[in-house]
Amino acid sequence: MHEAAIAKNILQFVNNRIAETPYIEKATKVQVLIGELRNVDDELLKFEFDCLKTLYPGCSSCHLEIESIKAKAFCNKSKHLYHPESELKYRCTKCGGDIGNLVCGEELDVMKVTLKCLLNAFLT
């Protein structure tokens, strides 16, 4: 169950961003990009994130948004893009060639963190 570790790492990243940025009250949203070959269960990751976020004061009301990216590989034999599938041992789905060069599908990136500013800091 690596979703708990991923959720913890995301929250630590957001917590560090809050600490580094002056006049920030809290994070309200974090958007992540996850490739399908990371084998992450989106719902379980959201559950783990929601369970752990109370341990990080600036993240307690933060919402996690996940964008999933399908895997793509470049076929070395026929020179085209295809969707690698584990059932086919990642061979090309069009020509059966050996596994190609992976173009995308292994991402695990924090893309955007939405932060709420302390309004009083700008009124004085």
# chains A, B, ... in the order shown; residues from 1 in each chain; ligands from 1
$ residues_around --residues "Val30 of chain A" --least-positions-apart "5" --cutoff "10 Å" --atoms "only C-alpha atoms" --output "ChimeraX atom specification"
/A:10-11,14,59,62-66,110-115
$ residues_around --residues "Tyr82 of chain A" --least-positions-apart "2" --cutoff "10 Å" --atoms "only C-alpha atoms" --output "list in words"
Ala71, Lys72, Ala73, Phe74, Cys75, Lys79, His80, Pro84, Glu85, Tyr90, Arg91, Cys92, Thr93, Lys94, Cys95, Gly100, Leu102 and Val103 of chain A
$ select_by_dssp --residues "segment 49-124 of chain A" --states "strand (DSSP E)" --output "JSON, numbers by chain"
{"A": [63, 64, 65, 66, 67, 68, 69, 72, 73, 74, 81, 82, 101, 102, 103, 104, 108, 109, 110, 111, 112, 113, 114, 115, 116, 117]}
$ closest_residue --among "A:Glu20, A:Leu108, A:Phe49, A:Cys117" --to "Ser61 of chain A" --atoms "only C-alpha atoms"
A:Phe49
$ closest_residue --among "A:Asn101, A:Asn76, A:Gln12, A:Thr21" --to "Leu52 of chain A" --atoms "only C-alpha atoms"
A:Gln12
$ atom_distance --atom1 "atom CA of Phe47 of chain A" --atom2 "atom CA of Ala7 of chain A"
9.0 Å
$ closest_residue --among "A:Leu88, A:Lys116, A:Asn9, A:His83" --to "Lys70 of chain A" --atoms "only C-alpha atoms"
A:His83
$ residues_around --residues "Leu37 of chain A" --least-positions-apart "5" --cutoff "9 Å" --atoms "only C-alpha atoms" --output "VMD selection string"
chain A and resid 69 to 71 104 to 107
$ write_last_selection --atoms "N, CA and C atoms" --output "compact mmCIF listing (two decimals), in the first residue's frame"
# COMPACT_ATOMS: atom_id res chain seq x y z
N ILE A 69 -2.46 10.02 -16.39
CA ILE A 69 -1.87 10.04 -17.72
C ILE A 69 -1.71 8.60 -18.20
N LYS A 70 -2.26 8.32 -19.37
CA LYS A 70 -2.11 7.00 -19.99
C LYS A 70 -0.66 6.82 -20.46
N ALA A 71 -0.19 5.60 -20.38
CA ALA A 71 1.16 5.29 -20.83
C ALA A 71 1.21 5.29 -22.36
N CYS A 104 5.61 8.32 -21.96
CA CYS A 104 4.97 8.84 -20.75
C CYS A 104 4.22 7.69 -20.07
N GLY A 105 3.89 7.93 -18.81
CA GLY A 105 3.16 6.93 -18.04
C GLY A 105 3.78 6.63 -16.68
N GLU A 106 4.96 7.21 -16.43
CA GLU A 106 5.60 6.99 -15.13
C GLU A 106 5.63 8.27 -14.28
N GLU A 107 4.88 9.27 -14.68
CA GLU A 107 4.87 10.54 -13.95
C GLU A 107 4.32 10.38 -12.54
$ select_by_dssp --residues "chain A" --states "helix (DSSP H, G or I)" --output "JSON, numbers by chain"
{"A": [3, 4, 5, 6, 7, 8, 9, 10, 11, 12, 13, 14, 15, 16, 17, 18, 19, 20, 36, 37, 38, 42, 43, 44, 45, 46, 47, 48, 49, 50, 51, 52, 53, 54, 55, 57, 58, 59, 86, 87, 88, 120, 121, 122, 123]}
$ atom_distance --atom1 "atom CA of Tyr56 of chain A" --atom2 "atom CA of Thr28 of chain A"
12.5 Å
$ closest_residue --among "A:Asp109, A:Ile99, A:Ser86, A:Asn15" --to "Leu55 of chain A" --atoms "only C-alpha atoms"
A:Asn15
$ decode --residues "segment 33-63 of chain A" --atoms "N, CA and C atoms" --output "short mmCIF file (atom, residue, chain, number, x, y, z; two decimals), in the first residue's frame"
data_model
loop_
_atom_site.label_atom_id
_atom_site.label_comp_id
_atom_site.auth_asym_id
_atom_site.auth_seq_id
_atom_site.Cartn_x
_atom_site.Cartn_y
_atom_site.Cartn_z
N LEU A 33 -0.17 14.92 -11.00
CA LEU A 33 -0.22 14.21 -12.26
C LEU A 33 0.40 12.84 -12.01
N ILE A 34 -0.36 11.77 -12.33
CA ILE A 34 0.12 10.42 -12.04
C ILE A 34 -0.01 9.55 -13.29
N GLY A 35 1.10 8.97 -13.71
CA GLY A 35 1.11 8.06 -14.85
C GLY A 35 0.55 6.70 -14.47
N GLU A 36 -0.11 6.06 -15.43
CA GLU A 36 -0.76 4.78 -15.13
C GLU A 36 0.23 3.67 -14.75
N LEU A 37 1.47 3.78 -15.16
CA LEU A 37 2.44 2.74 -14.82
C LEU A 37 2.98 2.87 -13.39
N ARG A 38 2.56 3.90 -12.69
CA ARG A 38 2.90 4.05 -11.27
C ARG A 38 2.06 3.12 -10.40
N ASN A 39 1.02 2.55 -10.99
CA ASN A 39 0.13 1.63 -10.26
C ASN A 39 -0.39 2.24 -8.97
N VAL A 40 -0.93 3.45 -9.09
CA VAL A 40 -1.52 4.14 -7.95
C VAL A 40 -3.03 4.07 -8.08
N ASP A 41 -3.68 3.67 -7.02
CA ASP A 41 -5.14 3.66 -6.95
C ASP A 41 -5.57 5.06 -6.53
N ASP A 42 -6.20 5.80 -7.46
CA ASP A 42 -6.56 7.19 -7.20
C ASP A 42 -7.45 7.35 -5.97
N GLU A 43 -8.45 6.50 -5.83
CA GLU A 43 -9.37 6.61 -4.69
C GLU A 43 -8.66 6.32 -3.37
N LEU A 44 -7.79 5.33 -3.37
CA LEU A 44 -7.03 5.02 -2.16
C LEU A 44 -6.07 6.15 -1.82
N LEU A 45 -5.45 6.76 -2.83
CA LEU A 45 -4.56 7.89 -2.58
C LEU A 45 -5.34 9.06 -1.97
N LYS A 46 -6.52 9.35 -2.49
CA LYS A 46 -7.35 10.42 -1.93
C LYS A 46 -7.74 10.10 -0.48
N PHE A 47 -8.08 8.84 -0.23
CA PHE A 47 -8.44 8.42 1.13
C PHE A 47 -7.26 8.63 2.08
N GLU A 48 -6.08 8.15 1.68
CA GLU A 48 -4.88 8.29 2.53
C GLU A 48 -4.54 9.76 2.73
N PHE A 49 -4.65 10.56 1.68
CA PHE A 49 -4.39 12.00 1.77
C PHE A 49 -5.33 12.63 2.81
N ASP A 50 -6.62 12.31 2.72
CA ASP A 50 -7.60 12.87 3.66
C ASP A 50 -7.35 12.42 5.09
N CYS A 51 -6.88 11.20 5.27
CA CYS A 51 -6.58 10.70 6.62
C CYS A 51 -5.35 11.37 7.21
N LEU A 52 -4.36 11.64 6.39
CA LEU A 52 -3.09 12.18 6.88
C LEU A 52 -3.03 13.70 6.94
N LYS A 53 -3.88 14.39 6.18
CA LYS A 53 -3.76 15.85 6.08
C LYS A 53 -3.96 16.57 7.41
N THR A 54 -4.67 15.97 8.35
CA THR A 54 -4.87 16.61 9.65
C THR A 54 -3.57 16.68 10.46
N LEU A 55 -2.57 15.91 10.08
CA LEU A 55 -1.27 15.95 10.76
C LEU A 55 -0.44 17.15 10.34
N TYR A 56 -0.88 17.85 9.30
CA TYR A 56 -0.18 19.02 8.77
C TYR A 56 -1.13 20.22 8.88
N PRO A 57 -0.91 21.10 9.87
CA PRO A 57 -1.86 22.17 10.17
C PRO A 57 -2.29 23.01 8.96
N GLY A 58 -1.38 23.35 8.08
CA GLY A 58 -1.72 24.16 6.93
C GLY A 58 -2.41 23.39 5.82
N CYS A 59 -2.57 22.09 5.99
CA CYS A 59 -3.16 21.24 4.95
C CYS A 59 -4.49 20.62 5.37
N SER A 60 -4.96 20.94 6.56
CA SER A 60 -6.12 20.23 7.10
C SER A 60 -7.39 20.37 6.26
N SER A 61 -7.51 21.45 5.50
CA SER A 61 -8.70 21.60 4.63
C SER A 61 -8.34 21.52 3.15
N CYS A 62 -7.17 21.01 2.87
CA CYS A 62 -6.68 20.91 1.49
C CYS A 62 -7.40 19.78 0.73
N HIS A 63 -7.65 20.03 -0.55
CA HIS A 63 -8.32 19.06 -1.41
C HIS A 63 -7.31 18.55 -2.44
#
